[in-house]
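This report concerns only the one structure given below.
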Amino acid sequence: MNDRVSGGVADNPLQTGLSELDLNDSLAGLARLSAVRLSLEELLTRVAELAVRAVPGADGAGLTLLQQDRADTIVKSAEFVKEIDDIQYRLGEGPCITAAQTGHTMRSGSLSGDERWPRFGPRAGRLGVHSVLSLPLMTPNGVVGAMNVYARARNAFDDHAAEVGEFYATPAAITVHNAHTLDQTARLASQLQAALASRPVIDQAIGILRSRSGLTAEEAFERLRHISQTEHTKLAVVAAHVVDEAVRRARARRNPAG
């Protein structure tokens with residue numbers, strides 16, 4: 001842990017009991033998410049919102065899902081979180097980035113003077129955000145993202161808050177990983193369905209090119225693919241244009257006066 005501070009929630013039995021109730025409520029909320037039909041972004045946002053309830057002293061939270069096949073998904077529980085996270089990713093520096101890269105929790109109670117992030121910290125401080133708890137989302141397969149919990153007050157997160165955050169982050173990581181896997185599966189199914197739907201028109205376009213120029217099937221397909229890449233147009237759209245043009249010419253030959 002970094003920047004450990006004493007006192008706060010951990011020293012007050014009543015507040016500790018209340019924070020445990022909040023944590024239990026948030027964990028129960030995570031468990032219910034699997035039964036709710038939400039988009040990936042909606043689910044990640046809900047995980048971030050539950051983190052705000054779980055971690056004592058939190059004013060807002062953001063969550064970043066690392067994705068290899070497309071841009072990272074970044075969500076927030078409040079608008080000020082978006083401002084802070086935008087600064088991190090614009091600078092390429094900040095506690096969330098460090099947590100995701102190292103797999104270790106990052107904590108600061110005075111961002112404006114934190115030497116670990118000399119460019120990010122002062123900017124966050126000027127926006128009135130002074131404390132952060134950045135939690136890597138770990139699964140058996142590695143880090144899938146990171147969660148930032150922010151507070152406007154200085155030294156808002158003590159040892160107890162950090163422990164609660166890490167405890168919450170463990171099931172949250174599994175929830176995020178499962179949601180990401182389901183989203184990838186759904187997108188793959190959609191892509192396969194689109195590919196199957198477009199296959200007939202691609203085959204027709206290949207046949208038309210072969211009849212016109214004597215190309216092999218492989219050569220005709222390569223020509224379609226080259227046009228697709230050059231014009232930045234989907235292969236199916238290029239194929240449909242070839243077929244439509246062939247149909248138009250055939251109709252013109254049949255009806256010259258039309």
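Chain labels run A, B, ... following the order of the structure tokens; each chain numbers its residues from 1, and ligands are numbered from 1 in the order shown.
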
| Shell around Leu182 of chain A at 12 Å using only C-alpha atoms, local window under 3 positions removed, as a ChimeraX atom specification | /A:34,37-40,43,175-179,185-189

Could you name the residues that touch Ser198 of chain A at 9 Å or less, counting only C-alpha atoms, but leaving out those on the same chain fewer than 4 positions away, as a JSON list (two decimals) with N, CA and C atoms, in the first residue's frame?
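The result, stored in part.json:
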[["chain", "number", "residue", "atom", "x", "y", "z"],
["A", 193, "GLN", "N", -22.63, -14.16, -38.12],
["A", 193, "GLN", "CA", -23.93, -14.08, -38.78],
["A", 193, "GLN", "C", -23.87, -13.14, -39.98],
["A", 194, "ALA", "N", -23.18, -12.00, -39.79],
["A", 194, "ALA", "CA", -23.03, -11.05, -40.90],
["A", 194, "ALA", "C", -22.22, -11.67, -42.04],
["A", 202, "ILE", "N", -20.82, -12.26, -52.12],
["A", 202, "ILE", "CA", -19.38, -12.31, -52.42],
["A", 202, "ILE", "C", -19.11, -13.39, -53.47],
["A", 203, "ASP", "N", -19.75, -14.55, -53.29],
["A", 203, "ASP", "CA", -19.58, -15.63, -54.28],
["A", 203, "ASP", "C", -20.07, -15.19, -55.66],
["A", 235, "LEU", "N", -16.02, -5.58, -47.49],
["A", 235, "LEU", "CA", -15.94, -6.50, -48.62],
["A", 235, "LEU", "C", -17.32, -6.79, -49.19],
["A", 236, "ALA", "N", -18.31, -6.99, -48.32],
["A", 236, "ALA", "CA", -19.66, -7.30, -48.78],
["A", 236, "ALA", "C", -20.26, -6.15, -49.58],
["A", 237, "VAL", "N", -19.93, -4.91, -49.19],
["A", 237, "VAL", "CA", -20.44, -3.75, -49.92],
["A", 237, "VAL", "C", -19.82, -3.67, -51.31],
["A", 239, "ALA", "N", -18.65, -6.23, -53.03],
["A", 239, "ALA", "CA", -19.23, -7.32, -53.79],
["A", 239, "ALA", "C", -20.63, -6.97, -54.28],
["A", 240, "ALA", "N", -21.44, -6.36, -53.43],
["A", 240, "ALA", "CA", -22.80, -5.98, -53.82],
["A", 240, "ALA", "C", -22.78, -4.97, -54.95]]

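When DSSP reads the backbone of this structure, the residues of segment 126-213 of chain A it assigns to strand (DSSP E) are Ser131, Val132, Leu133, Ser134, Leu135, Pro136, Leu137, Met138, Thr139, Gly142, Val143, Val144, Gly145, Ala146, Met147, Asn148, Val149, Tyr150 and Ala151 of chain A.
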
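Of the residues under consideration (A:Leu127, A:Val144, A:Glu42, A:Phe80), A:Val144 shows the shortest atom-to-atom contact distance to Gln67 of chain A when counting only C-alpha atoms.
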
| query | Any idea what's packed within 10 Å of Leu111 of chain A, counting only C-alpha atoms, ignoring anything in its chain fewer than 5 positions away? Could you give it as a PyMOL selection string? | reply | chain A and resi 94-95+116-118+120-126+128-132+154-155

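The nearest approach to Asp22 of chain A among the residues A:Arg225, A:Arg53, A:Arg249, A:His104, with only C-alpha atoms taken into account, belongs to A:Arg53.
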
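Of note, atom CA of Leu65 of chain A and atom CA of Val36 of chain A are spaced 19.5 Å apart.
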
| task | Might you pull out every residue within 12 Å of Val238 of chain A, with only C-alpha atoms counted and same-chain residues fewer than 6 positions away left off, and present them as number ranges by chain? | result | A: 198, 201-206, 221, 223-232, 244-245

| query | Which residues in segment 12-116 of chain A does DSSP call alpha helix (DSSP H)? List them as a ChimeraX atom specification. | reply | /A:13-33,40-54,79-91,95-102

Within 12 Å of Leu44 of chain A using only C-alpha atoms, minus same-chain residues under 2 positions, as an mmCIF file with N, CA and C atoms, in the first residue's frame:
data_model
loop_
_atom_site.group_PDB
_atom_site.id
_atom_site.type_symbol
_atom_site.label_atom_id
_atom_site.label_comp_id
_atom_site.auth_asym_id
_atom_site.auth_seq_id
_atom_site.Cartn_x
_atom_site.Cartn_y
_atom_site.Cartn_z
ATOM 1 N N LEU A 30 -23.268 -6.830 -6.816
ATOM 2 C CA LEU A 30 -22.455 -7.491 -7.843
ATOM 3 C C LEU A 30 -23.050 -8.832 -8.237
ATOM 4 N N LEU A 33 -25.947 -8.620 -10.606
ATOM 5 C CA LEU A 33 -25.691 -8.120 -11.957
ATOM 6 C C LEU A 33 -25.717 -9.236 -12.995
ATOM 7 N N SER A 34 -25.321 -10.440 -12.588
ATOM 8 C CA SER A 34 -25.275 -11.558 -13.541
ATOM 9 C C SER A 34 -26.661 -11.950 -14.032
ATOM 10 N N LEU A 38 -27.820 -6.253 -19.235
ATOM 11 C CA LEU A 38 -27.216 -4.936 -19.396
ATOM 12 C C LEU A 38 -26.164 -4.997 -20.498
ATOM 13 N N SER A 39 -25.941 -3.866 -21.144
ATOM 14 C CA SER A 39 -24.817 -3.793 -22.071
ATOM 15 C C SER A 39 -23.526 -3.827 -21.257
ATOM 16 N N LEU A 40 -22.413 -4.077 -21.933
ATOM 17 C CA LEU A 40 -21.127 -4.134 -21.236
ATOM 18 C C LEU A 40 -20.854 -2.815 -20.524
ATOM 19 N N GLU A 41 -21.069 -1.701 -21.186
ATOM 20 C CA GLU A 41 -20.785 -0.404 -20.583
ATOM 21 C C GLU A 41 -21.701 -0.138 -19.384
ATOM 22 N N GLU A 42 -22.976 -0.508 -19.512
ATOM 23 C CA GLU A 42 -23.901 -0.320 -18.398
ATOM 24 C C GLU A 42 -23.486 -1.151 -17.189
ATOM 25 N N ARG A 46 -22.254 0.146 -13.469
ATOM 26 C CA ARG A 46 -22.886 -0.304 -12.230
ATOM 27 C C ARG A 46 -21.836 -0.814 -11.240
ATOM 28 N N VAL A 47 -20.814 -1.507 -11.724
ATOM 29 C CA VAL A 47 -19.726 -1.973 -10.854
ATOM 30 C C VAL A 47 -19.024 -0.783 -10.203
ATOM 31 N N ALA A 48 -18.799 0.284 -10.985
ATOM 32 C CA ALA A 48 -18.159 1.485 -10.445
ATOM 33 C C ALA A 48 -19.051 2.154 -9.404
ATOM 34 N N GLU A 49 -20.339 2.224 -9.667
ATOM 35 C CA GLU A 49 -21.272 2.840 -8.709
ATOM 36 C C GLU A 49 -21.316 2.057 -7.400
ATOM 37 N N LEU A 50 -21.278 0.749 -7.499
ATOM 38 C CA LEU A 50 -21.277 -0.074 -6.289
ATOM 39 C C LEU A 50 -19.976 0.106 -5.501
ATOM 40 N N ALA A 51 -18.888 0.383 -6.198
ATOM 41 C CA ALA A 51 -17.615 0.627 -5.510
ATOM 42 C C ALA A 51 -17.699 1.876 -4.643
ATOM 43 N N ALA A 61 -16.238 6.997 -8.651
ATOM 44 C CA ALA A 61 -15.345 5.923 -9.097
ATOM 45 C C ALA A 61 -15.422 5.785 -10.614
ATOM 46 N N GLY A 62 -14.325 5.317 -11.166
ATOM 47 C CA GLY A 62 -14.267 5.009 -12.586
ATOM 48 C C GLY A 62 -13.682 3.630 -12.786
ATOM 49 N N LEU A 63 -13.964 3.029 -13.923
ATOM 50 C CA LEU A 63 -13.467 1.681 -14.203
ATOM 51 C C LEU A 63 -12.976 1.628 -15.639
ATOM 52 N N THR A 64 -11.812 1.044 -15.810
ATOM 53 C CA THR A 64 -11.229 0.873 -17.140
ATOM 54 C C THR A 64 -11.076 -0.615 -17.435
ATOM 55 N N LEU A 65 -11.678 -1.068 -18.525
ATOM 56 C CA LEU A 65 -11.540 -2.445 -18.981
ATOM 57 C C LEU A 65 -10.522 -2.474 -20.110
ATOM 58 N N THR A 73 -12.527 0.194 -22.708
ATOM 59 C CA THR A 73 -13.810 0.749 -22.276
ATOM 60 C C THR A 73 -13.613 1.441 -20.938
ATOM 61 N N ILE A 74 -13.993 2.709 -20.865
ATOM 62 C CA ILE A 74 -13.808 3.510 -19.653
ATOM 63 C C ILE A 74 -15.168 4.062 -19.234
ATOM 64 N N VAL A 75 -15.560 3.804 -17.988
ATOM 65 C CA VAL A 75 -16.847 4.279 -17.492
ATOM 66 C C VAL A 75 -16.632 5.039 -16.175
ATOM 67 N N LYS A 76 -17.671 5.763 -15.758
ATOM 68 C CA LYS A 76 -17.543 6.547 -14.532
ATOM 69 C C LYS A 76 -18.883 6.592 -13.825
ATOM 70 N N SER A 77 -18.816 6.821 -12.491
ATOM 71 C CA SER A 77 -20.032 6.926 -11.695
ATOM 72 C C SER A 77 -20.507 8.363 -11.586
ATOM 73 N N GLY A 145 -8.217 -4.929 -15.937
ATOM 74 C CA GLY A 145 -8.532 -3.509 -15.897
ATOM 75 C C GLY A 145 -8.146 -2.937 -14.549
ATOM 76 N N ALA A 146 -8.683 -1.765 -14.279
ATOM 77 C CA ALA A 146 -8.419 -1.118 -12.996
ATOM 78 C C ALA A 146 -9.603 -0.245 -12.622
ATOM 79 N N MET A 147 -9.783 -0.061 -11.327
ATOM 80 C CA MET A 147 -10.884 0.747 -10.811
ATOM 81 C C MET A 147 -10.319 1.879 -9.972
ATOM 82 N N ALA A 172 -15.365 -8.097 -8.076
ATOM 83 C CA ALA A 172 -15.648 -7.164 -9.165
ATOM 84 C C ALA A 172 -14.860 -7.555 -10.415
ATOM 85 N N ALA A 173 -13.612 -7.984 -10.240
ATOM 86 C CA ALA A 173 -12.787 -8.391 -11.376
ATOM 87 C C ALA A 173 -13.406 -9.582 -12.105
ATOM 88 N N ILE A 174 -13.937 -10.534 -11.345
ATOM 89 C CA ILE A 174 -14.574 -11.702 -11.964
ATOM 90 C C ILE A 174 -15.829 -11.293 -12.721
ATOM 91 N N THR A 175 -16.612 -10.400 -12.115
ATOM 92 C CA THR A 175 -17.817 -9.900 -12.784
ATOM 93 C C THR A 175 -17.469 -9.202 -14.085
ATOM 94 N N VAL A 176 -16.433 -8.354 -14.050
ATOM 95 C CA VAL A 176 -16.006 -7.628 -15.242
ATOM 96 C C VAL A 176 -15.482 -8.598 -16.302
ATOM 97 N N HIS A 177 -14.675 -9.566 -15.871
ATOM 98 C CA HIS A 177 -14.123 -10.543 -16.821
ATOM 99 C C HIS A 177 -15.240 -11.344 -17.498
ATOM 100 N N ASN A 178 -16.220 -11.804 -16.716
ATOM 101 C CA ASN A 178 -17.326 -12.580 -17.287
ATOM 102 C C ASN A 178 -18.144 -11.746 -18.263
ATOM 103 N N ALA A 179 -18.398 -10.489 -17.889
ATOM 104 C CA ALA A 179 -19.169 -9.611 -18.767
ATOM 105 C C ALA A 179 -18.424 -9.364 -20.074
ATOM 106 N N HIS A 180 -17.110 -9.185 -19.971
ATOM 107 C CA HIS A 180 -16.300 -8.970 -21.173
ATOM 108 C C HIS A 180 -16.332 -10.207 -22.070
ATOM 109 N N ASP A 183 -19.618 -10.394 -23.822
ATOM 110 C CA ASP A 183 -19.700 -9.372 -24.865
ATOM 111 C C ASP A 183 -18.898 -9.789 -26.092
#

| Contacts of Ala156 of chain A within 8 Å, only C-alpha atoms, excl. fewer than 4 positions in-chain, as an NGL selection string | :A and (57-58 or 109 or 131 or 151-152)

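With only C-alpha atoms as the atoms that count, the minimum distance from Asn24 of chain A to the choices A:Gly142, A:Gly113, A:Pro171, A:Pro256 is reached by A:Pro171.
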
| remark: Closest of A:Ala153, A:Val247, A:Leu196, A:Met138 to Ser112 of chain A, counting only C-alpha atoms, is A:Ala153

| message | I'd like the neighbourhood of Ala246 of chain A as a list of chain:residue names, where a residue qualifies if any of its atoms comes within 10 Å (using only C-alpha atoms), though same-chain residues fewer than 4 positions away should be ignored. | response | A:Ala205, A:Ile208, A:Leu209, A:Ala240, A:His241, A:Val242, A:Ala250, A:Arg251, A:Ala252
